[in-house]
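**Q** Please find upload_39.cif (mmCIF, C-alpha atoms) on the next line:
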data_entry
loop_
_atom_site.group_PDB
_atom_site.id
_atom_site.type_symbol
_atom_site.label_atom_id
_atom_site.label_comp_id
_atom_site.auth_asym_id
_atom_site.auth_seq_id
_atom_site.Cartn_x
_atom_site.Cartn_y
_atom_site.Cartn_z
ATOM 1 C CA MET A 1167 18.170 3.612 -8.651
ATOM 2 C CA ALA A 1168 19.223 -0.002 -9.003
ATOM 3 C CA LEU A 1169 16.543 -2.595 -8.282
ATOM 4 C CA ASN A 1170 17.259 -6.282 -7.929
ATOM 5 C CA LYS A 1171 14.880 -8.938 -9.264
ATOM 6 C CA LYS A 1172 13.241 -9.389 -5.838
ATOM 7 C CA ASN A 1173 12.372 -5.679 -5.572
ATOM 8 C CA MET A 1174 11.201 -5.523 -9.166
ATOM 9 C CA ALA A 1175 8.808 -8.413 -8.602
ATOM 10 C CA LYS A 1176 7.440 -6.682 -5.507
ATOM 11 C CA SER A 1177 6.977 -3.364 -7.288
ATOM 12 C CA THR A 1178 4.970 -4.572 -10.230
ATOM 13 C CA ASP A 1179 3.589 -1.944 -12.517
ATOM 14 C CA SER A 1180 0.057 -0.561 -12.273
ATOM 15 C CA GLY A 1181 0.168 1.177 -15.636
ATOM 16 C CA ILE A 1182 2.867 3.663 -14.609
ATOM 17 C CA SER A 1183 5.767 2.188 -16.560
ATOM 18 C CA GLY A 1184 9.172 2.239 -14.896
ATOM 19 C CA LYS A 1185 8.397 4.811 -12.204
ATOM 20 C CA LEU A 1186 8.906 3.924 -8.534
ATOM 21 C CA ASN A 1187 9.266 6.103 -5.467
ATOM 22 C CA GLN A 1188 10.623 4.539 -2.300
ATOM 23 C CA LEU A 1189 10.708 5.294 1.421
ATOM 24 C CA VAL A 1190 13.549 3.083 2.652
ATOM 25 C CA GLU A 1191 13.893 1.196 5.931
ATOM 26 C CA GLY A 1192 15.225 3.431 8.706
ATOM 27 C CA THR A 1193 13.526 6.540 7.306
ATOM 28 C CA GLU A 1194 10.556 8.184 9.035
ATOM 29 C CA VAL A 1195 8.303 10.773 7.406
ATOM 30 C CA LYS A 1196 5.587 12.812 9.101
ATOM 31 C CA GLY A 1197 3.361 14.454 6.519
ATOM 32 C CA ASP A 1198 1.408 13.795 3.363
ATOM 33 C CA ILE A 1199 2.659 12.146 0.164
ATOM 34 C CA VAL A 1200 1.130 12.616 -3.295
ATOM 35 C CA SER A 1201 2.513 10.660 -6.258
ATOM 36 C CA ASP A 1202 1.512 10.004 -9.859
ATOM 37 C CA SER A 1203 3.561 6.789 -9.896
ATOM 38 C CA ASN A 1204 4.126 3.623 -7.865
ATOM 39 C CA PHE A 1205 5.394 3.912 -4.287
ATOM 40 C CA ARG A 1206 7.158 1.414 -2.016
ATOM 41 C CA VAL A 1207 7.313 1.978 1.757
ATOM 42 C CA ASP A 1208 9.868 0.041 3.804
ATOM 43 C CA GLY A 1209 10.253 2.822 6.382
ATOM 44 C CA LYS A 1210 7.686 4.634 8.531
ATOM 45 C CA LEU A 1211 5.031 7.128 7.409
ATOM 46 C CA ILE A 1212 2.719 9.041 9.725
ATOM 47 C CA GLY A 1213 0.354 10.897 7.395
ATOM 48 C CA SER A 1214 -1.743 10.438 4.292
ATOM 49 C CA MET A 1215 -0.869 9.106 0.841
ATOM 50 C CA ASN A 1216 -2.584 9.691 -2.473
ATOM 51 C CA ILE A 1217 -0.944 7.369 -5.015
ATOM 52 C CA LYS A 1218 -2.158 7.050 -8.607
ATOM 53 C CA GLY A 1219 -0.178 3.826 -9.097
ATOM 54 C CA LYS A 1220 0.505 0.820 -6.889
ATOM 55 C CA LEU A 1221 1.453 1.047 -3.222
ATOM 56 C CA VAL A 1222 3.721 -1.660 -1.795
ATOM 57 C CA LEU A 1223 4.050 -1.664 1.985
ATOM 58 C CA GLY A 1224 7.098 -3.869 2.606
ATOM 59 C CA SER A 1225 7.511 -6.201 5.572
ATOM 60 C CA THR A 1226 9.478 -3.542 7.517
ATOM 61 C CA GLY A 1227 7.071 -0.786 6.455
ATOM 62 C CA TYR A 1228 4.636 1.040 8.731
ATOM 63 C CA ILE A 1229 1.913 3.487 7.721
ATOM 64 C CA GLU A 1230 -0.410 5.316 10.093
ATOM 65 C CA GLY A 1231 -2.932 7.482 8.268
ATOM 66 C CA ASN A 1232 -5.246 7.490 5.279
ATOM 67 C CA VAL A 1233 -4.213 6.018 1.934
ATOM 68 C CA SER A 1234 -5.776 6.178 -1.511
ATOM 69 C CA CYS A 1235 -4.210 4.240 -4.419
ATOM 70 C CA LYS A 1236 -4.954 2.207 -7.553
ATOM 71 C CA ASP A 1237 -3.584 -1.138 -6.282
ATOM 72 C CA ALA A 1238 -1.869 -2.160 -3.043
ATOM 73 C CA GLU A 1239 0.238 -4.996 -1.675
ATOM 74 C CA VAL A 1240 0.643 -5.018 2.111
ATOM 75 C CA GLU A 1241 3.324 -7.004 3.949
ATOM 76 C CA GLY A 1242 3.911 -4.633 6.883
ATOM 77 C CA VAL A 1243 1.808 -2.756 9.438
ATOM 78 C CA PHE A 1244 -1.005 -0.382 8.429
ATOM 79 C CA LYS A 1245 -3.204 1.653 10.782
ATOM 80 C CA GLY A 1246 -5.908 3.844 9.316
ATOM 81 C CA GLU A 1247 -8.146 3.899 6.270
ATOM 82 C CA ILE A 1248 -7.065 2.479 2.922
ATOM 83 C CA LYS A 1249 -9.061 2.994 -0.270
ATOM 84 C CA VAL A 1250 -7.863 0.839 -3.161
ATOM 85 C CA GLU A 1251 -9.408 1.475 -6.563
ATOM 86 C CA SER A 1252 -8.839 -2.014 -7.931
ATOM 87 C CA PHE A 1253 -6.938 -4.808 -6.114
ATOM 88 C CA LEU A 1254 -5.623 -5.170 -2.545
ATOM 89 C CA SER A 1255 -3.306 -8.044 -1.597
ATOM 90 C CA LEU A 1256 -2.662 -8.786 2.076
ATOM 91 C CA LYS A 1257 0.440 -10.962 2.431
ATOM 92 C CA SER A 1258 0.954 -13.393 5.325
ATOM 93 C CA THR A 1259 2.989 -10.841 7.336
ATOM 94 C CA ALA A 1260 0.411 -8.020 6.977
ATOM 95 C CA LYS A 1261 -1.125 -6.450 10.064
ATOM 96 C CA ILE A 1262 -4.054 -4.114 9.356
ATOM 97 C CA LEU A 1263 -5.951 -2.089 11.948
ATOM 98 C CA GLY A 1264 -8.595 0.078 10.337
ATOM 99 C CA GLU A 1265 -10.903 0.413 7.378
ATOM 100 C CA ILE A 1266 -10.536 -1.098 3.908
ATOM 101 C CA GLU A 1267 -12.441 -0.123 0.771
ATOM 102 C CA THR A 1268 -11.610 -1.987 -2.445
ATOM 103 C CA GLN A 1269 -13.092 -3.773 -5.449
ATOM 104 C CA ARG A 1270 -11.092 -6.995 -4.975
ATOM 105 C CA ILE A 1271 -9.050 -8.417 -2.104
ATOM 106 C CA ALA A 1272 -6.760 -11.412 -1.577
ATOM 107 C CA VAL A 1273 -5.740 -12.440 1.938
ATOM 108 C CA GLU A 1274 -2.935 -14.921 2.551
ATOM 109 C CA PRO A 1275 -3.087 -17.200 5.608
ATOM 110 C CA GLY A 1276 -1.375 -15.494 8.543
ATOM 111 C CA ALA A 1277 -2.427 -11.961 7.625
ATOM 112 C CA GLU A 1278 -4.096 -10.080 10.501
ATOM 113 C CA PHE A 1279 -6.989 -7.675 9.956
ATOM 114 C CA THR A 1280 -9.022 -5.841 12.580
ATOM 115 C CA GLY A 1281 -11.628 -3.418 11.270
ATOM 116 C CA ASN A 1282 -14.147 -3.188 8.465
ATOM 117 C CA CYS A 1283 -13.899 -4.066 4.796
ATOM 118 C CA LYS A 1284 -16.226 -2.622 2.170
ATOM 119 C CA MET A 1285 -16.135 -4.222 -1.281
ATOM 120 C CA THR A 1286 -17.791 -2.572 -4.237
ATOM 121 C CA ASN A 1287 -17.773 -2.782 -8.031
ATOM 122 C CA THR A 1288 -17.330 0.959 -8.332
ATOM 123 C CA PRO A 1289 -13.952 2.550 -7.563
ATOM 124 C CA PRO A 1290 -13.737 4.387 -4.222
ATOM 125 C CA ALA A 1291 -14.026 8.153 -4.328
ATOM 126 C CA GLN A 1292 -10.586 9.769 -4.263
#
Would you write out, as structure tokens, the structure that this file holds?
**A**
Amino acid sequence: MALNKKNMAKSTDSGISGKLNQLVEGTEVKGDIVSDSNFRVDGKLIGSMNIKGKLVLGSTGYIEGNVSCKDAEVEGVFKGEIKVESFLSLKSTAKILGEIETQRIAVEPGAEFTGNCKMTNTPPAQ
């Protein structure tokens, strides 16, 4: 898979060197995804995700379900419960409706969040 510099910057490594799974724009998946590496979603997922690396939800991405991951960067739409072991970044285009559990969070101006956020020094149970 060829990645340009823009995609590489967006899919930064969370300790899983060089591995990236991707759900591209225009693709819809109904079901559960389990991955030992990083995952980028630019399409639509209805279901749960258990990602041991970093999750990037692109600006055209949509997830409805429960997600567990090490780190996450959200630009698109997320509905459900997201448990992030370390760091969650909500970009200005992010729209979150649901529950967040993380150790650290960064929210850019313009990001929308409706729900609850629980911050703790201990990683969420996976």
**Q** Please provide as a PyMOL selection string all residues within 10 Å of Gly1281 in chain A, with the sequence filter that same-chain residues fewer than 3 positions apart are discarded (counting all atoms listed in the file).
**A** chain A and resi 1245-1247+1262-1266
**Q** The PyMOL selection byres ((chain A and resi 1233) around 12) - which residues does that actually catch in the file I just gave you? List them as number ranges by chain.
**A** A: 1198-1201, 1205, 1211-1223, 1229-1232, 1234-1238, 1244-1251, 1264-1268, 1290-1292
**Q** Could you please take those selected residues and save C-alpha atoms as a compact mmCIF listing (two decimals), keeping the file's coordinate frame?
**A**
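selection_29.txt, written as the output of this step:
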# COMPACT_ATOMS: atom_id res chain seq x y z
CA ASP A 1198 1.41 13.80 3.36
CA ILE A 1199 2.66 12.15 0.16
CA VAL A 1200 1.13 12.62 -3.30
CA SER A 1201 2.51 10.66 -6.26
CA PHE A 1205 5.39 3.91 -4.29
CA LEU A 1211 5.03 7.13 7.41
CA ILE A 1212 2.72 9.04 9.72
CA GLY A 1213 0.35 10.90 7.40
CA SER A 1214 -1.74 10.44 4.29
CA MET A 1215 -0.87 9.11 0.84
CA ASN A 1216 -2.58 9.69 -2.47
CA ILE A 1217 -0.94 7.37 -5.01
CA LYS A 1218 -2.16 7.05 -8.61
CA GLY A 1219 -0.18 3.83 -9.10
CA LYS A 1220 0.50 0.82 -6.89
CA LEU A 1221 1.45 1.05 -3.22
CA VAL A 1222 3.72 -1.66 -1.80
CA LEU A 1223 4.05 -1.66 1.98
CA ILE A 1229 1.91 3.49 7.72
CA GLU A 1230 -0.41 5.32 10.09
CA GLY A 1231 -2.93 7.48 8.27
CA ASN A 1232 -5.25 7.49 5.28
CA SER A 1234 -5.78 6.18 -1.51
CA CYS A 1235 -4.21 4.24 -4.42
CA LYS A 1236 -4.95 2.21 -7.55
CA ASP A 1237 -3.58 -1.14 -6.28
CA ALA A 1238 -1.87 -2.16 -3.04
CA PHE A 1244 -1.00 -0.38 8.43
CA LYS A 1245 -3.20 1.65 10.78
CA GLY A 1246 -5.91 3.84 9.32
CA GLU A 1247 -8.15 3.90 6.27
CA ILE A 1248 -7.06 2.48 2.92
CA LYS A 1249 -9.06 2.99 -0.27
CA VAL A 1250 -7.86 0.84 -3.16
CA GLU A 1251 -9.41 1.48 -6.56
CA GLY A 1264 -8.60 0.08 10.34
CA GLU A 1265 -10.90 0.41 7.38
CA ILE A 1266 -10.54 -1.10 3.91
CA GLU A 1267 -12.44 -0.12 0.77
CA THR A 1268 -11.61 -1.99 -2.44
CA PRO A 1290 -13.74 4.39 -4.22
CA ALA A 1291 -14.03 8.15 -4.33
CA GLN A 1292 -10.59 9.77 -4.26
**Q** Env of Ala1260 in chain A: 10 Å cut, atoms = all atoms listed in the file, seq-sep filter 5 positions within chain, self excluded. Answer as number ranges by chain.
**A** A: 1223-1225, 1227, 1239-1244, 1255, 1273-1279
**Q** Restricting the calculation to only C-alpha atoms, which member of A:Thr1280, A:Ser1203, A:Leu1256, A:Asp1208 is positioned closest to Val1190 in chain A?
**A**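 Looking only at the distances to Val1190 in chain A, the closest residue turns out to be A:Asp1208.
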**Q** Please list as an MDAnalysis selection string every residue within 7 Å of Arg1270 in chain A, counting all atoms listed in the file and excluding residues in the same chain fewer than 2 positions away.
**A** chainID A and resid 1252:1254 1268 1285
**Q** Keeping only C-alpha atoms, write those residues as a PDB file, in the frame of the given file.
**A**
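Output saved as selection_14.pdb:
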ATOM      1  CA  SER A1252      -8.839  -2.014  -7.931  1.00  0.00           C
ATOM      2  CA  PHE A1253      -6.938  -4.808  -6.114  1.00  0.00           C
ATOM      3  CA  LEU A1254      -5.623  -5.170  -2.545  1.00  0.00           C
ATOM      4  CA  THR A1268     -11.610  -1.987  -2.445  1.00  0.00           C
ATOM      5  CA  MET A1285     -16.135  -4.222  -1.281  1.00  0.00           C
TER       6      MET A1285
END
**Q** Report the distance between CA of Glu1191 in chain A and CA of Lys1257 in chain A in Å, rounded to one decimal place.
**A**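 If I compute the distance from CA of Glu1191 in chain A to CA of Lys1257 in chain A, I get 18.5 Å.
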**Q** For the atom pair CA of Leu1186 in chain A and CA of Val1207 in chain A, what is the interatomic distance in Å to one decimal place?
**A**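 Going from CA of Leu1186 in chain A over to CA of Val1207 in chain A, I get 10.6 Å.
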**Q** Box in all listed atoms of range 1191-1210 of chain A, axis-aligned, with 6 Å more on each side; write out centre and edge lengths in Å to one decimal as AutoDock Vina command-line options.
**A**
--center_x 8.2 --center_y 7.2 --center_z -0.4 --size_x 26.1 --size_y 26.4 --size_z 31.0
**Q** From the set A:Thr1259, A:Asn1187, A:Gly1192, A:Gly1197, which residue has the shortest atom-to-atom contact distance to Lys1210 in chain A, counting all atoms listed in the file?
**A** A:Gly1192
**Q** If you measure from CA of Thr1226 in chain A to CA of Lys1196 in chain A, what distance in Å do you get, rounded to one decimal?
**A** 16.9 Å
**Q** With N, CA and C atoms as the goal, would you fill in the gaps in range 1209-1226 of chain A and present it as a JSON list (two decimals), in the coordinates of the input?
**A**
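Output contents, as saved in selection.json:
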[["chain", "number", "residue", "atom", "x", "y", "z"],
["A", 1209, "GLY", "N", 10.02, 2.04, 5.18],
["A", 1209, "GLY", "CA", 10.25, 2.82, 6.38],
["A", 1209, "GLY", "C", 8.94, 3.10, 7.08],
["A", 1210, "LYS", "N", 8.86, 4.28, 7.73],
["A", 1210, "LYS", "CA", 7.69, 4.63, 8.53],
["A", 1210, "LYS", "C", 7.09, 5.94, 8.02],
["A", 1211, "LEU", "N", 5.76, 5.93, 7.82],
["A", 1211, "LEU", "CA", 5.03, 7.13, 7.41],
["A", 1211, "LEU", "C", 3.89, 7.38, 8.38],
["A", 1212, "ILE", "N", 3.86, 8.58, 8.93],
["A", 1212, "ILE", "CA", 2.72, 9.04, 9.72],
["A", 1212, "ILE", "C", 2.10, 10.17, 8.91],
["A", 1213, "GLY", "N", 0.98, 9.90, 8.26],
["A", 1213, "GLY", "CA", 0.35, 10.90, 7.40],
["A", 1213, "GLY", "C", -0.45, 10.22, 6.32],
["A", 1214, "SER", "N", -0.90, 10.98, 5.35],
["A", 1214, "SER", "CA", -1.74, 10.44, 4.29],
["A", 1214, "SER", "C", -0.95, 10.25, 3.00],
["A", 1215, "MET", "N", -1.46, 9.35, 2.16],
["A", 1215, "MET", "CA", -0.87, 9.11, 0.84],
["A", 1215, "MET", "C", -1.97, 9.10, -0.20],
["A", 1216, "ASN", "N", -1.70, 9.75, -1.32],
["A", 1216, "ASN", "CA", -2.58, 9.69, -2.47],
["A", 1216, "ASN", "C", -1.70, 9.26, -3.64],
["A", 1217, "ILE", "N", -1.82, 7.98, -4.02],
["A", 1217, "ILE", "CA", -0.94, 7.37, -5.01],
["A", 1217, "ILE", "C", -1.79, 6.96, -6.22],
["A", 1218, "LYS", "N", -1.40, 7.42, -7.41],
["A", 1218, "LYS", "CA", -2.16, 7.05, -8.61],
["A", 1218, "LYS", "C", -1.76, 5.69, -9.14],
["A", 1219, "GLY", "N", -0.64, 5.14, -8.69],
["A", 1219, "GLY", "CA", -0.18, 3.83, -9.10],
["A", 1219, "GLY", "C", -0.38, 2.81, -7.99],
["A", 1220, "LYS", "N", 0.57, 1.89, -7.88],
["A", 1220, "LYS", "CA", 0.50, 0.82, -6.89],
["A", 1220, "LYS", "C", 1.31, 1.19, -5.65],
["A", 1221, "LEU", "N", 0.75, 0.89, -4.48],
["A", 1221, "LEU", "CA", 1.45, 1.05, -3.22],
["A", 1221, "LEU", "C", 1.91, -0.32, -2.75],
["A", 1222, "VAL", "N", 3.20, -0.45, -2.42],
["A", 1222, "VAL", "CA", 3.72, -1.66, -1.80],
["A", 1222, "VAL", "C", 4.21, -1.26, -0.41],
["A", 1223, "LEU", "N", 3.62, -1.86, 0.61],
["A", 1223, "LEU", "CA", 4.05, -1.66, 1.98],
["A", 1223, "LEU", "C", 4.85, -2.89, 2.36],
["A", 1224, "GLY", "N", 6.19, -2.75, 2.36],
["A", 1224, "GLY", "CA", 7.10, -3.87, 2.61],
["A", 1224, "GLY", "C", 6.98, -4.41, 4.02],
["A", 1225, "SER", "N", 7.63, -5.53, 4.29],
["A", 1225, "SER", "CA", 7.51, -6.20, 5.57],
["A", 1225, "SER", "C", 8.05, -5.36, 6.73],
["A", 1226, "THR", "N", 8.97, -4.43, 6.47],
["A", 1226, "THR", "CA", 9.48, -3.54, 7.52],
["A", 1226, "THR", "C", 8.75, -2.20, 7.51]]
